[in-house]
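Student: Input structure: input_17.txt, which contains compact mmCIF, C-alpha atoms and all ligand atoms.
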```txt
# COMPACT_ATOMS: atom_id res chain seq x y z
CA MET A 182 59.25 103.02 29.87
CA LEU A 183 56.44 100.60 29.20
CA THR A 184 58.42 97.37 29.32
CA GLY A 185 56.13 94.37 29.54
CA LYS A 186 52.94 96.45 29.43
CA ARG A 187 50.11 95.21 27.20
CA ILE A 188 48.04 97.77 25.32
CA LEU A 189 44.81 96.96 23.50
CA LEU A 190 44.66 99.72 20.89
CA ILE A 191 41.25 100.36 19.35
CA ILE A 192 41.55 102.42 16.17
CA GLY A 193 38.36 104.24 15.18
CA GLY A 194 37.41 105.47 11.73
CA GLY A 195 38.75 109.00 11.40
CA ILE A 196 41.44 110.66 9.30
CA SER A 197 43.73 110.87 12.33
CA ALA A 198 43.94 107.05 12.29
CA TYR A 199 47.18 107.62 10.33
CA LYS A 200 48.73 109.03 13.53
CA SER A 201 47.86 105.77 15.30
CA LEU A 202 50.41 103.99 13.11
CA ASP A 203 53.11 106.22 14.60
CA LEU A 204 51.56 105.69 18.05
CA ILE A 205 52.01 101.91 17.66
CA ARG A 206 55.72 102.43 16.83
CA LYS A 207 56.27 104.76 19.77
CA LEU A 208 54.53 102.42 22.22
CA ARG A 209 56.58 99.46 20.98
CA GLU A 210 59.84 101.46 21.13
CA ARG A 211 59.13 101.88 24.84
CA GLY A 212 58.69 98.15 25.35
CA ALA A 213 54.88 97.82 25.22
CA ALA A 214 53.11 95.02 23.36
CA VAL A 215 50.29 96.41 21.20
CA THR A 216 47.24 94.36 20.19
CA PRO A 217 45.31 96.35 17.57
CA VAL A 218 41.58 96.35 16.92
CA LEU A 219 40.20 98.18 13.87
CA THR A 220 36.60 99.28 13.52
CA GLY A 221 35.04 98.77 10.10
CA ALA A 222 35.37 102.50 9.40
CA ALA A 223 39.03 102.51 10.46
CA THR A 224 39.89 100.13 7.61
CA GLU A 225 38.81 102.92 5.22
CA PHE A 226 41.68 105.06 6.58
CA VAL A 227 44.48 102.60 7.42
CA THR A 228 45.01 99.04 6.23
CA SER A 229 45.15 95.95 8.42
CA LEU A 230 48.42 95.13 6.69
CA SER A 231 50.22 98.27 7.88
CA VAL A 232 48.78 97.92 11.39
CA ALA A 233 49.85 94.25 11.54
CA ALA A 234 53.34 95.06 10.25
CA LEU A 235 53.90 97.87 12.74
CA SER A 236 52.39 96.12 15.75
CA GLY A 237 53.83 92.67 15.02
CA SER A 238 50.46 91.33 16.14
CA LYS A 239 47.33 89.80 14.71
CA VAL A 240 44.82 92.57 13.91
CA TYR A 241 41.30 92.07 15.25
CA GLY A 242 38.26 93.49 13.49
CA GLU A 243 35.28 91.19 13.24
CA LEU A 244 33.01 90.36 16.16
CA PHE A 245 31.90 87.08 14.66
CA ASP A 246 35.30 85.88 13.47
CA LEU A 247 35.33 82.13 14.13
CA THR A 248 39.13 81.73 13.95
CA ALA A 249 39.66 84.60 16.38
CA GLU A 250 36.97 83.24 18.71
CA ALA A 251 38.64 79.83 18.67
CA GLU A 252 42.07 81.35 19.43
CA MET A 253 40.94 84.04 21.85
CA GLY A 254 37.34 84.96 22.62
CA HIS A 255 36.34 88.61 22.57
CA ILE A 256 35.76 88.69 26.33
CA GLN A 257 39.25 87.35 26.95
CA LEU A 258 40.67 89.83 24.43
CA SER A 259 39.03 92.71 26.31
CA ARG A 260 40.71 91.66 29.55
CA SER A 261 44.11 90.68 28.20
CA ALA A 262 45.58 94.18 28.45
CA ASP A 263 46.88 96.50 31.15
CA LEU A 264 45.23 99.44 29.38
CA VAL A 265 42.72 99.89 26.58
CA VAL A 266 43.54 102.91 24.39
CA VAL A 267 41.00 104.26 21.90
CA ALA A 268 42.77 106.43 19.28
CA PRO A 269 41.21 108.01 17.37
CA ALA A 270 37.95 107.91 19.32
CA THR A 271 35.27 109.17 16.94
CA ALA A 272 32.06 110.86 18.07
CA ASP A 273 30.22 107.68 17.07
CA LEU A 274 32.48 105.37 19.06
CA MET A 275 32.24 107.59 22.15
CA ALA A 276 28.44 107.70 21.81
CA LYS A 277 28.38 103.89 21.73
CA MET A 278 30.65 103.73 24.78
CA ALA A 279 28.52 106.24 26.71
CA HIS A 280 25.33 104.29 25.97
CA GLY A 281 26.72 100.79 26.39
CA LEU A 282 26.13 99.69 22.79
CA ALA A 283 27.95 96.59 21.64
CA ASN A 284 27.25 96.05 17.95
CA ASP A 285 30.78 95.52 16.69
CA LEU A 286 34.03 94.15 18.09
CA ALA A 287 35.43 97.52 19.30
CA SER A 288 32.28 98.54 21.21
CA THR A 289 31.82 95.01 22.59
CA LEU A 290 35.38 94.99 23.93
CA LEU A 291 34.85 98.41 25.51
CA LEU A 292 31.70 97.18 27.25
CA ALA A 293 33.27 93.90 28.36
CA THR A 294 36.62 95.18 29.59
CA ASP A 295 37.56 95.47 33.25
CA THR A 296 40.82 97.33 32.55
CA PRO A 297 41.24 101.14 32.58
CA VAL A 298 40.37 102.94 29.33
CA LEU A 299 42.16 105.96 27.84
CA VAL A 300 40.43 107.80 25.02
CA ALA A 301 41.98 110.19 22.44
CA PRO A 302 39.01 111.90 20.76
CA ALA A 303 39.24 113.21 17.19
CA MET A 304 36.46 114.82 15.22
CA ASN A 305 35.25 117.96 13.50
CA VAL A 306 35.02 120.95 15.85
CA ARG A 307 31.23 121.21 15.56
CA MET A 308 30.81 117.54 16.32
CA TRP A 309 33.06 118.03 19.37
CA ASP A 310 31.11 121.09 20.53
CA HIS A 311 27.71 119.43 19.99
CA ALA A 312 25.71 119.04 23.18
CA ALA A 313 25.31 115.30 22.53
CA THR A 314 29.09 114.75 22.35
CA GLN A 315 29.67 116.90 25.45
CA ARG A 316 27.01 114.87 27.32
CA ASN A 317 28.69 111.63 26.26
CA ILE A 318 32.09 112.93 27.40
CA ALA A 319 30.67 113.86 30.81
CA THR A 320 29.11 110.38 31.11
CA LEU A 321 32.36 108.67 30.15
CA ALA A 322 34.39 110.82 32.57
CA ASP A 323 31.90 109.85 35.31
CA ASP A 324 32.41 106.21 34.37
CA GLY A 325 36.15 106.65 35.03
CA VAL A 326 37.32 106.87 31.41
CA ALA A 327 40.48 109.02 31.04
CA PHE A 328 40.95 111.46 28.17
CA VAL A 329 43.96 112.79 26.31
CA GLY A 330 43.21 115.76 24.05
CA PRO A 331 41.69 116.76 21.76
CA ASN A 332 43.97 119.63 20.79
CA GLU A 333 42.99 122.86 19.15
CA GLY A 334 44.23 123.72 15.67
CA ASP A 335 43.72 123.38 11.92
CA MET A 336 41.73 120.31 11.02
CA ALA A 337 41.79 117.99 8.03
CA CYS A 338 38.25 119.16 7.20
CA GLY A 339 39.51 122.76 6.80
CA GLU A 340 38.00 124.13 10.01
CA PHE A 341 39.78 125.33 13.13
CA GLY A 342 39.16 124.56 16.79
CA PRO A 343 39.23 121.73 19.32
CA GLY A 344 38.92 118.28 17.78
CA ARG A 345 42.43 117.38 16.55
CA MET A 346 43.63 114.11 18.01
CA ALA A 347 46.45 114.49 20.56
CA GLU A 348 49.90 113.86 19.07
CA PRO A 349 51.35 110.33 19.46
CA LEU A 350 53.91 111.52 22.03
CA GLU A 351 51.17 113.13 24.14
CA ILE A 352 49.21 109.87 24.03
CA VAL A 353 52.33 107.93 25.01
CA ALA A 354 52.83 110.28 28.00
CA ALA A 355 49.21 109.72 29.05
CA VAL A 356 49.66 105.93 28.69
CA GLU A 357 52.84 106.08 30.80
CA ALA A 358 51.03 108.12 33.44
CA LYS A 359 48.10 105.65 33.54
CA LEU A 360 50.41 102.65 33.83
CA SER A 361 52.93 104.21 36.16
CA ASP A 362 53.87 102.19 39.21
CA GLY A 363 55.12 105.41 40.80
CA PRO A 364 54.95 106.33 44.49
CA LEU A 365 51.55 108.06 44.10
CA LYS A 366 49.80 105.05 42.56
CA GLY A 367 46.32 104.75 44.07
CA LYS A 368 46.39 108.30 45.51
CA ARG A 369 43.78 110.80 44.41
CA VAL A 370 45.08 114.34 43.96
CA LEU A 371 42.81 117.33 43.38
CA ILE A 372 44.32 120.42 41.71
CA THR A 373 42.74 123.79 40.97
CA SER A 374 44.36 125.82 38.21
CA GLY A 375 44.00 128.84 35.92
CA PRO A 376 42.05 132.06 36.44
CA THR A 377 38.33 132.45 37.13
CA HIS A 378 35.97 134.61 35.06
CA GLU A 379 33.40 136.56 37.03
CA PRO A 380 30.54 137.81 34.82
CA ILE A 381 29.41 141.44 34.75
CA ASP A 382 26.71 140.65 32.16
CA PRO A 383 26.37 137.88 29.53
CA VAL A 384 29.23 139.25 27.41
CA ARG A 385 31.61 140.91 29.90
CA TYR A 386 33.62 139.48 32.78
CA ILE A 387 36.39 140.23 35.25
CA ALA A 388 39.45 138.02 34.89
CA ASN A 389 43.17 137.88 35.74
CA ARG A 390 46.39 137.07 33.90
CA SER A 391 46.91 133.51 35.18
CA SER A 392 47.82 131.19 32.27
CA GLY A 393 47.35 127.94 34.19
CA ALA A 394 50.93 126.87 33.30
CA GLN A 395 52.09 126.07 36.84
CA GLY A 396 48.96 124.06 37.76
CA THR A 397 49.13 122.13 34.48
CA ALA A 398 52.85 121.31 34.91
CA LEU A 399 52.13 120.13 38.44
CA ALA A 400 49.23 117.93 37.29
CA ASN A 401 51.49 116.31 34.69
CA ALA A 402 54.26 115.74 37.25
CA LEU A 403 51.87 114.16 39.79
CA SER A 404 50.24 112.03 37.13
CA ALA A 405 53.69 110.81 36.01
CA LEU A 406 54.24 109.57 39.58
CA GLY A 407 51.06 107.50 39.26
CA ALA A 408 48.51 109.77 40.97
CA ASP A 409 44.87 109.83 39.87
CA VAL A 410 44.57 113.56 39.20
CA VAL A 411 41.32 115.53 39.16
CA PHE A 412 42.05 118.88 37.52
CA VAL A 413 39.54 121.66 38.16
CA THR A 414 40.41 124.50 35.83
CA GLY A 415 39.16 127.97 35.02
CA PRO A 416 39.51 129.27 31.43
CA ALA A 417 43.29 128.84 31.03
CA ASP A 418 45.62 129.70 28.11
CA VAL A 419 47.55 126.43 28.14
CA ALA A 420 46.06 123.06 27.10
CA PRO A 421 44.90 120.93 30.04
CA PRO A 422 47.15 118.06 31.17
CA SER A 423 46.98 114.69 29.43
CA GLY A 424 45.39 111.58 30.88
CA VAL A 425 43.73 113.24 33.88
CA GLU A 426 40.11 113.99 34.73
CA VAL A 427 39.48 117.62 33.70
CA ILE A 428 36.58 119.63 35.11
CA ALA A 429 36.21 123.02 33.40
CA VAL A 430 34.58 125.89 35.30
CA GLN A 431 34.25 129.64 34.84
CA THR A 432 33.61 131.26 38.22
CA ALA A 433 34.95 130.91 41.77
CA GLN A 434 31.59 129.62 42.98
CA GLN A 435 31.55 126.93 40.27
CA MET A 436 35.15 126.06 41.20
CA LEU A 437 34.13 125.56 44.84
CA GLU A 438 31.20 123.34 43.80
CA ALA A 439 33.45 121.28 41.49
CA VAL A 440 36.01 120.88 44.31
CA GLN A 441 33.32 119.76 46.75
CA THR A 442 32.02 117.21 44.23
CA ALA A 443 35.54 115.94 43.49
CA LEU A 444 36.40 115.36 47.16
CA PRO A 445 37.41 113.17 48.94
CA ALA A 446 41.06 113.25 47.89
CA ASP A 447 44.35 112.32 49.54
CA VAL A 448 45.98 115.60 48.49
CA ALA A 449 44.49 118.94 47.39
CA ILE A 450 46.58 121.61 45.69
CA PHE A 451 45.18 125.08 45.04
CA ALA A 452 47.16 126.62 42.21
CA ALA A 453 44.24 128.59 40.73
CA ALA A 454 44.24 132.38 40.74
CA VAL A 455 40.72 132.72 42.10
CA ALA A 456 39.06 136.13 41.82
CA ASP A 457 38.60 137.58 45.29
CA TRP A 458 35.37 139.31 44.30
CA ARG A 459 32.46 138.71 41.98
CA VAL A 460 29.94 141.24 40.69
CA GLU A 461 26.89 141.10 42.88
CA GLY A 462 23.67 140.59 40.92
CA ALA A 463 25.42 140.27 37.53
CA SER A 464 22.98 141.37 34.84
CA ASP A 465 21.38 138.70 32.66
CA ARG A 466 21.16 141.27 29.86
CA LYS A 467 23.99 143.19 28.22
CA LEU A 468 24.45 146.52 30.02
CA LYS A 469 23.76 149.46 27.69
CA LYS A 470 25.27 152.93 27.58
CA THR A 471 22.68 155.37 28.90
CA LYS A 472 22.40 159.11 29.20
CA ASP A 473 22.05 158.66 32.97
CA GLY A 474 25.76 157.99 33.43
CA LEU A 475 28.04 155.04 34.13
CA PRO A 476 26.85 151.72 35.57
CA THR A 477 27.81 151.02 39.18
CA LEU A 478 29.22 147.60 39.94
CA THR A 479 28.82 146.26 43.45
CA PHE A 480 31.17 143.49 44.52
CA ALA A 481 30.60 140.48 46.76
CA GLU A 482 33.38 138.40 48.28
CA ASN A 483 34.02 135.01 46.66
CA PRO A 484 34.39 131.88 48.78
CA ASP A 485 38.01 131.12 49.73
CA ILE A 486 38.25 127.57 48.41
CA LEU A 487 41.67 126.85 49.93
CA ALA A 488 40.56 128.04 53.39
CA HIS A 489 37.28 126.12 53.11
CA VAL A 490 38.98 122.79 52.31
CA SER A 491 41.81 123.37 54.82
CA GLN A 492 39.29 123.87 57.60
CA LEU A 493 36.97 120.92 56.79
CA LYS A 494 36.09 119.05 59.99
CA THR A 495 35.48 115.78 58.15
CA GLY A 496 36.97 114.58 54.90
CA ARG A 497 39.92 117.01 54.92
CA PRO A 498 42.64 115.77 52.53
CA ALA A 499 45.76 114.56 54.38
CA LEU A 500 47.83 117.26 52.66
CA VAL A 501 46.49 120.67 51.58
CA VAL A 502 48.83 122.93 49.60
CA GLY A 503 48.23 126.58 48.69
CA PHE A 504 50.17 129.00 46.52
CA ALA A 505 51.11 132.59 47.32
CA ALA A 506 52.25 134.99 44.64
CA GLU A 507 53.66 138.05 46.42
CA THR A 508 55.51 141.15 45.34
CA ASN A 509 57.04 142.05 48.71
CA ASP A 510 57.80 140.51 52.13
CA VAL A 511 57.26 137.12 50.50
CA GLU A 512 58.13 134.94 53.50
CA ALA A 513 56.29 136.99 56.10
CA ASN A 514 53.16 137.26 53.96
CA ALA A 515 53.19 133.58 53.03
CA THR A 516 53.73 132.49 56.65
CA ALA A 517 50.76 134.60 57.73
CA LYS A 518 48.71 133.07 54.88
CA LEU A 519 49.58 129.52 56.02
CA LYS A 520 48.12 130.29 59.46
CA ARG A 521 45.11 132.24 58.21
CA LYS A 522 44.00 129.63 55.70
CA GLY A 523 44.92 126.57 57.78
CA CYS A 524 46.71 124.70 54.97
CA ASP A 525 49.79 122.49 55.44
CA TRP A 526 52.16 124.06 52.93
CA ILE A 527 52.32 127.31 51.02
CA VAL A 528 54.41 127.47 47.86
CA ALA A 529 55.48 131.10 47.81
CA ASN A 530 57.09 133.09 45.04
CA ASP A 531 58.06 136.65 44.29
CA VAL A 532 56.20 137.89 41.21
CA SER A 533 57.69 141.42 41.16
CA PRO A 534 58.21 142.42 37.48
CA GLU A 535 62.03 142.55 37.88
CA THR A 536 62.14 138.79 38.74
CA GLY A 537 60.79 137.89 35.26
CA ILE A 538 58.85 135.04 36.89
CA MET A 539 55.36 136.00 35.82
CA GLY A 540 54.88 134.72 32.28
CA GLY A 541 58.47 133.35 32.27
CA SER A 542 59.62 129.73 32.20
CA GLU A 543 61.53 129.82 35.50
CA ASN A 544 60.41 130.09 39.09
CA ASP A 545 62.05 130.86 42.41
CA VAL A 546 59.99 129.34 45.21
CA ALA A 547 60.06 128.80 48.95
CA ILE A 548 58.05 126.07 50.68
CA ILE A 549 56.52 127.29 53.91
CA SER A 550 55.17 124.81 56.46
CA GLN A 551 54.96 124.36 60.25
CA ALA A 552 58.57 123.14 60.01
CA GLY A 553 59.73 126.56 58.72
CA VAL A 554 60.85 128.02 55.42
CA GLU A 555 62.76 126.10 52.76
CA GLU A 556 64.20 128.18 49.90
CA TRP A 557 64.66 126.41 46.57
CA PRO A 558 67.18 127.68 43.99
CA ARG A 559 65.80 129.26 40.81
CA MET A 560 64.83 126.53 38.29
CA SER A 561 62.41 125.83 35.42
CA LYS A 562 58.69 125.68 36.25
CA ASP A 563 58.69 122.05 35.07
CA MET A 564 61.52 121.23 37.47
CA VAL A 565 59.69 122.99 40.33
CA SER A 566 56.66 120.81 39.53
CA ARG A 567 58.66 117.57 39.45
CA LYS A 568 60.42 118.42 42.73
CA LEU A 569 57.15 119.37 44.37
CA ALA A 570 55.44 116.18 43.15
CA GLN A 571 58.32 114.14 44.62
CA ARG A 572 58.04 116.03 47.90
CA ILE A 573 54.28 115.40 48.01
CA ALA A 574 54.86 111.69 47.39
CA GLU A 575 57.34 111.54 50.30
CA ALA A 576 54.95 113.44 52.59
CA ILE A 577 51.99 111.12 52.12
CA ALA A 578 53.84 107.82 51.64
O1 LIG B 601 44.67 134.90 49.47
P1 LIG B 601 45.40 134.61 48.22
O2 LIG B 601 44.53 134.76 47.01
O3 LIG B 601 46.71 135.29 48.04
O4 LIG B 601 45.77 133.06 48.39
C1 LIG B 601 46.29 132.32 47.37
C2 LIG B 601 45.93 130.85 47.59
O5 LIG B 601 44.56 130.69 47.97
C3 LIG B 601 46.07 130.07 46.32
O6 LIG B 601 46.43 128.75 46.67
C4 LIG B 601 44.67 130.13 45.72
O7 LIG B 601 44.42 129.05 44.84
C5 LIG B 601 43.80 130.04 46.96
N1 LIG B 601 42.51 130.75 46.86
C6 LIG B 601 41.33 130.03 46.82
N2 LIG B 601 40.11 130.68 46.79
C7 LIG B 601 40.07 132.05 46.79
C8 LIG B 601 41.26 132.79 46.83
C9 LIG B 601 42.46 132.11 46.84
O8 LIG B 601 41.37 128.78 46.78
N3 LIG B 601 38.89 132.65 46.74
```
Represent the supplied structure as structure tokens.
Tutor:
Amino acid sequence: MLTGKRILLIIGGGISAYKSLDLIRKLRERGAAVTPVLTGAATEFVTSLSVAALSGSKVYGELFDLTAEAEMGHIQLSRSADLVVVAPATADLMAKMAHGLANDLASTLLLATDTPVLVAPAMNVRMWDHAATQRNIATLADDGVAFVGPNEGDMACGEFGPGRMAEPLEIVAAVEAKLSDGPLKGKRVLITSGPTHEPIDPVRYIANRSSGAQGTALANALSALGADVVFVTGPADVAPPSGVEVIAVQTAQQMLEAVQTALPADVAIFAAAVADWRVEGASDRKLKKTKDGLPTLTFAENPDILAHVSQLKTGRPALVVGFAAETNDVEANATAKLKRKGCDWIVANDVSPETGIMGGSENDVAIISQAGVEEWPRMSKDMVSRKLAQRIAEAIA
């Protein structure tokens, strides 16, 4: 619920602005008060009248609006909310934010605000992929701006790919997570998730079947309890969690570097399926078939990120959690892993094919710690995540 929460909603000029009308309804249904701001371009897609009717609020648009200035100055407006939401955030609006431009009301509010900002980008896939947009996103993420979406799919412009604005319910979930007064409020939680890709040459790599589902569910559950989540992910199948800081990597070495940069954290959870080996001296040219026979790949051991962080002498997170997917002697193997790696908990599960756990929606886990082994009954992966998040909150309270 968002009872009593005040949202300043900045609507940018993109076709997905129509979804923001539904977003206003959904936010208000949950008890939030929504103050809308339309950019000039947004009024080409939705009318002030519909936004005013749905929000039950005055709609702001002009920077030099004397009546608005007399009633509430733009600086005051920028600080009168618990959260500023930008949906849709166009490439242009994000570029202005990243560079500190303030040449209309929306960009001025974004520069003047001292409240957290959540951005739901929406644009053509090529605009999203453009190096300039990606640079701006990295700058904004560094500045502490949170993102929800974009999603991948068919676009209004007829192309396909990332760039669709997140659905209103996903944005609402991200808003709820940002405004949560849950037990993990103010705690920073680092999560690794997904597989890693280890290059053989520029077009080939070694990977594994991890989908990233468990790490993503866990990130959502922790974020819902109010944690500030940093999500370091390899190339996963599932969409990254909403409203958290996402750092995308490919290889185990990049994952270690991203983890080191993201520390310090109160809690670190290592749900990624990190490749144990990488190809030593991966070729920077595509390997060709030759008459001389097959290429020989030599492997080098990857850094063990969980063990590295568990054994940090300074700046070790208060709680370090690893995962262990085993096919036999689950408890014995996981208990040995707890000792070997030096982490505080291991979440162990049996991934033998007959359990149906791998790729399925349910999980059957045991939590292994110094205190012993605690078996949990079989339940959905979402439920496992919620229970685990609750347990983490109790442990570091
Ligand atoms: O040793 P094993 O791969 O079974 O350990 C699994 C746990 O260790 C997981 O939590 C995984 O994320 C972590 N791990 C890691 N870096 C590696 C290998 C595993 O962080 N190179």
Student: Taking all atoms listed in the file into account, which residues have an atom no farther than 9 Å from ligand LIG 601 (chain B)? I'd like them as a PyMOL selection string.
Tutor: chain A and resi 373-375+433-434+436-437+450-458+482-490+502-507+514-515+518+522+527-528
Student: With all atoms listed in the file counted, which protein, DNA or RNA residues have an atom no more than 12 Å from (40.6, 87.8, 20.8) in the file frame? Please answer as a ChimeraX atom specification.
Tutor: /A:189,216-218,238-262,286-287,289-290
Student: Hey, which of A:Leu519, A:Leu493, A:Val384, A:Val370 ends up closest to A:Ser464? Count all atoms listed in the file.
Tutor: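 Using all atoms listed in the file, the shortest distance to A:Ser464 belongs to A:Val384.
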Student: Show which residues sit within 12 Å of A:Lys207, as number ranges by chain. Count all atoms listed in the file, and ignore same-chain residues fewer than 4 positions away.
Tutor: A: 182-183, 200-203, 211-215, 235-236, 348-354, 356-357
Student: For A:Val546, which residue among A:Leu371, A:Val532, A:Leu208, A:Leu321 is the nearest when counting all atoms listed in the file?
Tutor: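 That would be A:Val532, the residue with the smallest distance to A:Val546.
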Student: Name the residues within 12 Å of (60.3, 124.3, 35.9), counting all atoms listed in the file in the file's coordinates, and put them as an MDAnalysis selection string.
Tutor: chainID A and resid 394:399 401:402 538 541:546 557:570
Student: From the options A:Thr508, A:Thr296, A:Ser231, A:Asn284, which residue's atoms come nearest to A:Leu264, counting all atoms listed in the file?
Tutor: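 Distance minimum relative to A:Leu264 lands on A:Thr296.
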Student: Which one of A:Leu360, A:Ala283, A:Ala355, A:Ala513 sits closest to A:Thr184 if you count only C-alpha atoms?
Tutor: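 Once distances to A:Thr184 are computed over only C-alpha atoms, the minimum belongs to A:Leu360.
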Student: Report as number ranges by chain all protein, DNA and RNA residues lying within 8 Å of stretch 324-338 of chain A, evaluated on all atoms listed in the file, omitting residues in the same chain fewer than 6 positions from it.
Tutor: A: 196, 297-303, 305, 344-347, 351-352, 355, 420, 422-426
Student: To one decimal place, how far is atom CA of A:Pro269 from atom CA of A:Val232 in Å?
Tutor: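 Atom CA of A:Val232 lies 14.0 Å from atom CA of A:Pro269.
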Student: Between A:Val427, A:Ala223, A:Ala293, A:Ala233, which one has atoms that come closest to A:Thr271, using only C-alpha atoms?
Tutor: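 Checking each of A:Val427, A:Ala223, A:Ala293, A:Ala233 against A:Thr271, counting only C-alpha atoms, the winner is A:Ala223.
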Student: Using all atoms listed in the file, can you tell me which of A:Ser361, A:Gln571, A:Thr377, A:Ser288 comes closest to A:Ala405?
Tutor: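 Using all atoms listed in the file, the shortest distance to A:Ala405 belongs to A:Ser361.
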Student: In Å, rounded to a single decimal, give me how far atom CA of A:Pro376 is from atom CA of A:Thr479.
Tutor: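 Computed distance, atom CA of A:Thr479 to atom CA of A:Pro376, equals 20.6 Å.
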Student: Might you pull out every residue within 8 Å of A:Ser404, with only C-alpha atoms counted and same-chain residues fewer than 4 positions away left off, and present them as a PyMOL selection string?
Tutor: chain A and resi 358-359+400+408-410+424-425
Student: Could you write those residues out with C-alpha atoms, as a PDB file, in the coordinates of the input?
Tutor:
```pdb
ATOM      1  CA  ALA A 358      51.030 108.120  33.440  1.00  0.00           C
ATOM      2  CA  LYS A 359      48.100 105.650  33.540  1.00  0.00           C
ATOM      3  CA  ALA A 400      49.230 117.930  37.290  1.00  0.00           C
ATOM      4  CA  ALA A 408      48.510 109.770  40.970  1.00  0.00           C
ATOM      5  CA  ASP A 409      44.870 109.830  39.870  1.00  0.00           C
ATOM      6  CA  VAL A 410      44.570 113.560  39.200  1.00  0.00           C
ATOM      7  CA  GLY A 424      45.390 111.580  30.880  1.00  0.00           C
ATOM      8  CA  VAL A 425      43.730 113.240  33.880  1.00  0.00           C
TER       9      VAL A 425
END
```
Student: Quote the spacing between atom CA of A:Ala576 and atom CA of A:Ile372 in Å to one decimal place.
Tutor: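 Those two atoms sit 16.7 Å apart.
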